[in-house]
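Novice: Pasting a structure here, questions to come.
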Amino acid sequence: MSSSPPEAGAPAPRSTPSIWAPPSPPPGAAPGLRWQLEAALAAARSPEAPGAVRWIGAHLAEAEGLVRAAVEADPAGGARLALSLGEVLDILGGEEAHLRVTLLLERFRGRLPGPLADEVTLILVRDALRRRVGSDWAFEAEGVLERAEQRRDPRLTAMALRCLASAAWQEGRAERSLSLARRAGAVADPDLAARLVGNTLWGLGQHAEAEAAYVAGLATPAARQDPLRAAALAANLGSLLAEQGRHAEAVRGFAFALRVYEAAGGQRPEQMLRCNLGMALIDAGQLDEAEQHLQRAWTLRATLAGPNSEAGPVEGMIALTLLRGRPAEALNLLAAGSGVDDADPWYDGQLMVWRAFALAGLGQLDRAREEALAGARRAAAVRDAEAGPLMAEVALAYIDLRAGRPASLGLEAARAAAPRWQALRVALRLVDPPAGG
């Protein structure tokens with residue numbers, strides 16, 4: 001199966017409008033910003049979604065204050081606004097504001113009617129899953145599922161099933177996760193379930209089936225109607241295609257998603273997509289285009305806080321400068337990127353391995369070897385993943401080649417694993433330059 005989001009029926013036009021203005025209020029509408037915010041949140045589920053989300057982002061401080069006052073004055077009515085704002089904050093990547101809204105909802109959960117309280121509970125479960133502590137909350141989702149089925153509420157039933165599917169995956173119960181995700185798609189929101197089904201199948205190594213799930217999600221009415229929901233599927237599909245070496249298709253998928261998120265003003269997803277797009281362009285040998293996207297992702301570090309805003313741009317720019325034969329510049333980038341995530345020794349270990357490449361490029365081979373080995377030990381000690389040690393093997397092979405010796409045997413294992421690790425594929429280009437490159 002060969003597909004990319006525009007050809008698979010993705011709904012957004014190639015030029016996604018980013019300008020949206022609230023319509024004139026109908027008789028009896030809430031005054032001022034409350035009406036405008038309600039109109040924008042409604043539009044955020046329509047073809048106008050990118051522009052509406054951008055409008056909300058431009059008025060975020062006022063919107064957050066209004067929602068807080070609304071919840072305190074009328075918990076039920078305000079909670080509906082808060083839940084909708086939370087969805088938009090997910091898109092914008094406003095983690096601190098999203099946390100404040102979630103805590104507000106949690107504080108008033110006991111004063112909400114049953115369905116609303118259950119929806120807030122599922123938001124809390126979803127946040128716990130993102131923090132990898134979802135097993136502590138799974139029983140809450142099971143309770144919501146039972147009540148939602150009794151009320152014949154398909155939306156909450158599907159939402160609870162998706163939460164339980166994610167929890168099952170984190171617990172290592174892949175088949176149960178897949179079953180729950182498919183069951184959710186049969187109840188409501190098939191595009192959201194398709195994304196979860198695709199992710200699960202991908203994790204199980206069933207690539208063709210995962211691709212089919214993403215493409216089916218893109219063909220759903222919800223994805224055709226809402227560019228943002230289509231973009232989330234397109235981003236996942238792009239990553240899957242990149243892993244299979246289908247670089248041109250991956251680039252199209254990432255570019256489609258980037259247009260939508262950039263129009264919406266979602267800087268965190270924009271940064272992630274520019275990193276993915278930049279690395280896919282490196283895979284495709286298009287270094288000039290890759291540099292444009294990776295440089296923009298690097299620039300966004302100044303406005304986005306947290307480790308997730310650092311790792312991708314730092315690795316991407318370092319890899320690019322090394323491929324272009326600029327090891328001294330790579331060391332400067334490493335100095336700027338080091339220490340940004342002291343809580344993640346694995347990331348620190350990866351940077352040490354990239355530093356080994358740069359040192360080798362400058363001819364400092366003994367220091368490079370020490371750095372590669374130390375980076376491998378640091379990365380392997382804190383995460384059950386093979387990428388760190390294999391990256392070090394590629395660095396050691398690069399050092400051997402720079403010293404005029406045959407490359408180490410570890411390269412074969414690295415080449416075999418490269419389809420699964422984007423950074424590993426790029427590192428291998430330093431050892432195995434493409435023909436004519």
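Chain labels follow the order of the structure tokens: the first chain is A, the next B, and so on; residue numbering restarts at 1 in every chain, and ligands are counted from 1 in their shown order.
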So that I can see what lies close to segment 253-258 of chain A, please list as a list in words the residues with an atom at most 7 Å from it, counting only C-alpha atoms and leaving out residues fewer than 5 positions away in the same chain.
Specialist: Ser4, Pro5, Ala231, Ala232, Ala234, Ala235, Leu237, Gly238, Glu270, Leu273 and Leu277 of chain A
Novice: Would you mind exporting N, CA and C atoms of the selected residues as a PDB file, in the first residue's frame?
Specialist:
ATOM      1  N   SER A   4      -0.001   8.846   0.876  1.00  0.00           N
ATOM      2  CA  SER A   4       0.411   9.978   1.694  1.00  0.00           C
ATOM      3  C   SER A   4      -0.842  10.761   1.989  1.00  0.00           C
ATOM      4  N   PRO A   5      -0.896  11.540   3.055  1.00  0.00           N
ATOM      5  CA  PRO A   5      -2.150  12.120   3.491  1.00  0.00           C
ATOM      6  C   PRO A   5      -2.934  12.865   2.436  1.00  0.00           C
ATOM      7  N   ALA A 231      -4.309  15.961  10.778  1.00  0.00           N
ATOM      8  CA  ALA A 231      -2.874  16.199  10.901  1.00  0.00           C
ATOM      9  C   ALA A 231      -2.234  15.244  11.907  1.00  0.00           C
ATOM     10  N   ALA A 232      -2.950  14.930  12.996  1.00  0.00           N
ATOM     11  CA  ALA A 232      -2.398  14.001  13.986  1.00  0.00           C
ATOM     12  C   ALA A 232      -2.169  12.631  13.359  1.00  0.00           C
ATOM     13  N   ALA A 234      -1.758  12.082  10.103  1.00  0.00           N
ATOM     14  CA  ALA A 234      -0.736  12.230   9.065  1.00  0.00           C
ATOM     15  C   ALA A 234       0.665  12.212   9.661  1.00  0.00           C
ATOM     16  N   ALA A 235       0.829  12.811  10.846  1.00  0.00           N
ATOM     17  CA  ALA A 235       2.141  12.828  11.500  1.00  0.00           C
ATOM     18  C   ALA A 235       2.569  11.408  11.864  1.00  0.00           C
ATOM     19  N   LEU A 237       1.494   8.616  10.467  1.00  0.00           N
ATOM     20  CA  LEU A 237       1.727   7.902   9.216  1.00  0.00           C
ATOM     21  C   LEU A 237       3.095   8.269   8.640  1.00  0.00           C
ATOM     22  N   GLY A 238       3.456   9.551   8.718  1.00  0.00           N
ATOM     23  CA  GLY A 238       4.768   9.974   8.224  1.00  0.00           C
ATOM     24  C   GLY A 238       5.901   9.277   8.948  1.00  0.00           C
ATOM     25  N   GLU A 270       4.554  22.020  16.054  1.00  0.00           N
ATOM     26  CA  GLU A 270       5.324  22.520  14.916  1.00  0.00           C
ATOM     27  C   GLU A 270       6.787  22.137  15.061  1.00  0.00           C
ATOM     28  N   LEU A 273       7.292  18.399  14.458  1.00  0.00           N
ATOM     29  CA  LEU A 273       7.151  18.046  13.048  1.00  0.00           C
ATOM     30  C   LEU A 273       8.317  18.564  12.223  1.00  0.00           C
ATOM     31  N   LEU A 277      10.475  16.227  10.024  1.00  0.00           N
ATOM     32  CA  LEU A 277      10.586  16.541   8.603  1.00  0.00           C
ATOM     33  C   LEU A 277      12.052  16.759   8.226  1.00  0.00           C
TER      34      LEU A 277
END
Novice: Per residue of segment 125-227 of chain A within 7 Å of segment 44-48 of chain A, what are the shortest atom pair and its distance in Å to one decimal, counting only C-alpha atoms, with rows by chain and residue number, as a Markdown table?
Specialist:
| residue | atom | partner | partner_atom | distance |
| --- | --- | --- | --- | --- |
| A:Gln225 | CA | A:Pro47 | CA | 5.5 |
| A:Asp226 | CA | A:Ser46 | CA | 4.9 |
| A:Pro227 | CA | A:Pro47 | CA | 6.1 |
Novice: Could those residues be written to a file, using N, CA and C atoms, as a compact mmCIF listing (two decimals), in the first residue's frame?
Specialist:
# COMPACT_ATOMS: atom_id res chain seq x y z
N GLN A 225 -13.42 16.43 8.08
CA GLN A 225 -14.03 17.68 8.52
C GLN A 225 -13.06 18.54 9.31
N ASP A 226 -12.17 17.93 10.07
CA ASP A 226 -11.32 18.66 11.02
C ASP A 226 -9.86 18.48 10.62
N PRO A 227 -9.21 19.52 10.09
CA PRO A 227 -7.81 19.38 9.66
C PRO A 227 -6.87 18.97 10.78
Novice: In Å, with one decimal, what is the gap from atom CA of Gln36 of chain A to atom CA of Pro22 of chain A?
Specialist: 5.6 Å
Novice: What's the 12 Å shell around segment 200-203 of chain A, counting only C-alpha atoms, without same-chain residues fewer than 6 positions away, as an MDAnalysis selection string?
Specialist: chainID A and resid 162 165:170 172:182 193:194 209:214 236:237 239:241 243:244 420
Novice: Have a look at A:Gly114, A:Gly143, A:Gly65, A:Gly404 and name the one nearest to Leu33 of chain A; count only C-alpha atoms.
Specialist: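 Selected residue with least distance to Leu33 of chain A: A:Gly65.
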Novice: Need the shell around Leu228 of chain A: protein/DNA/RNA residues with any atom at most 8 Å away, counting only C-alpha atoms. Skip same-chain ones fewer than 6 positions apart. Format as a PDB file with N, CA and C atoms, in the first residue's frame?
Specialist:
ATOM      1  N   ALA A  49     -10.771  24.990  12.022  1.00  0.00           N
ATOM      2  CA  ALA A  49     -10.055  24.723  13.261  1.00  0.00           C
ATOM      3  C   ALA A  49      -8.701  25.434  13.366  1.00  0.00           C
ATOM      4  N   PRO A  50      -7.829  25.390  12.354  1.00  0.00           N
ATOM      5  CA  PRO A  50      -6.520  26.037  12.544  1.00  0.00           C
ATOM      6  C   PRO A  50      -6.628  27.518  12.893  1.00  0.00           C
ATOM      7  N   VAL A 260      -0.818  22.395   8.819  1.00  0.00           N
ATOM      8  CA  VAL A 260      -2.008  22.543   9.660  1.00  0.00           C
ATOM      9  C   VAL A 260      -1.640  23.095  11.036  1.00  0.00           C
ATOM     10  N   TYR A 261      -0.637  22.487  11.682  1.00  0.00           N
ATOM     11  CA  TYR A 261      -0.279  22.922  13.027  1.00  0.00           C
ATOM     12  C   TYR A 261       0.327  24.322  13.026  1.00  0.00           C
TER      13      TYR A 261
END
Novice: I'd like to know which of A:Ala414, A:Leu323, A:Leu161, A:Leu105 is closest to Ala117 of chain A, using only C-alpha atoms.
Specialist: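 That would be A:Leu105, the residue with the smallest distance to Ala117 of chain A.
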Novice: Identify, on the basis of only C-alpha atoms, every residue whose closest approach to Asp283 of chain A does not exceed 7 Å; exclude the query and any residue fewer than 3 positions from it along the same chain; express the result as a PyMOL selection string.
Specialist: chain A and resi 247+279-280+426
Novice: Per DSSP on the backbone, what are the helix (DSSP H, G or I) residues of segment 4-191 of chain A, as a ChimeraX atom specification?
Specialist: /A:32-43,49-58,60-73,75-92,95-111,114-130,134-136,138-151,154-170,174-187,190-191
Novice: Atom CA of Val394 of chain A to atom CA of Ala335 of chain A: how many Å, to one decimal?
Specialist: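 Taking atom CA of Val394 of chain A and atom CA of Ala335 of chain A, their separation equals 21.6 Å.
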Novice: Which residues of segment 291-331 of chain A come within 10 Å of segment 360-365 of chain A, and what is each one's closest atom pair and distance in Å (one decimal), counting only C-alpha atoms, sorted by chain and residue number, as JSON lines?
Specialist:
{"residue": "A:Leu322", "atom": "CA", "partner": "A:Gly361", "partner_atom": "CA", "distance": 7.9}
{"residue": "A:Gly325", "atom": "CA", "partner": "A:Gly361", "partner_atom": "CA", "distance": 7.7}
{"residue": "A:Arg326", "atom": "CA", "partner": "A:Gly361", "partner_atom": "CA", "distance": 8.1}
{"residue": "A:Pro327", "atom": "CA", "partner": "A:Gly361", "partner_atom": "CA", "distance": 5.6}
{"residue": "A:Ala328", "atom": "CA", "partner": "A:Leu362", "partner_atom": "CA", "distance": 7.2}
{"residue": "A:Ala330", "atom": "CA", "partner": "A:Gly361", "partner_atom": "CA", "distance": 9.8}
{"residue": "A:Leu331", "atom": "CA", "partner": "A:Leu362", "partner_atom": "CA", "distance": 9.8}
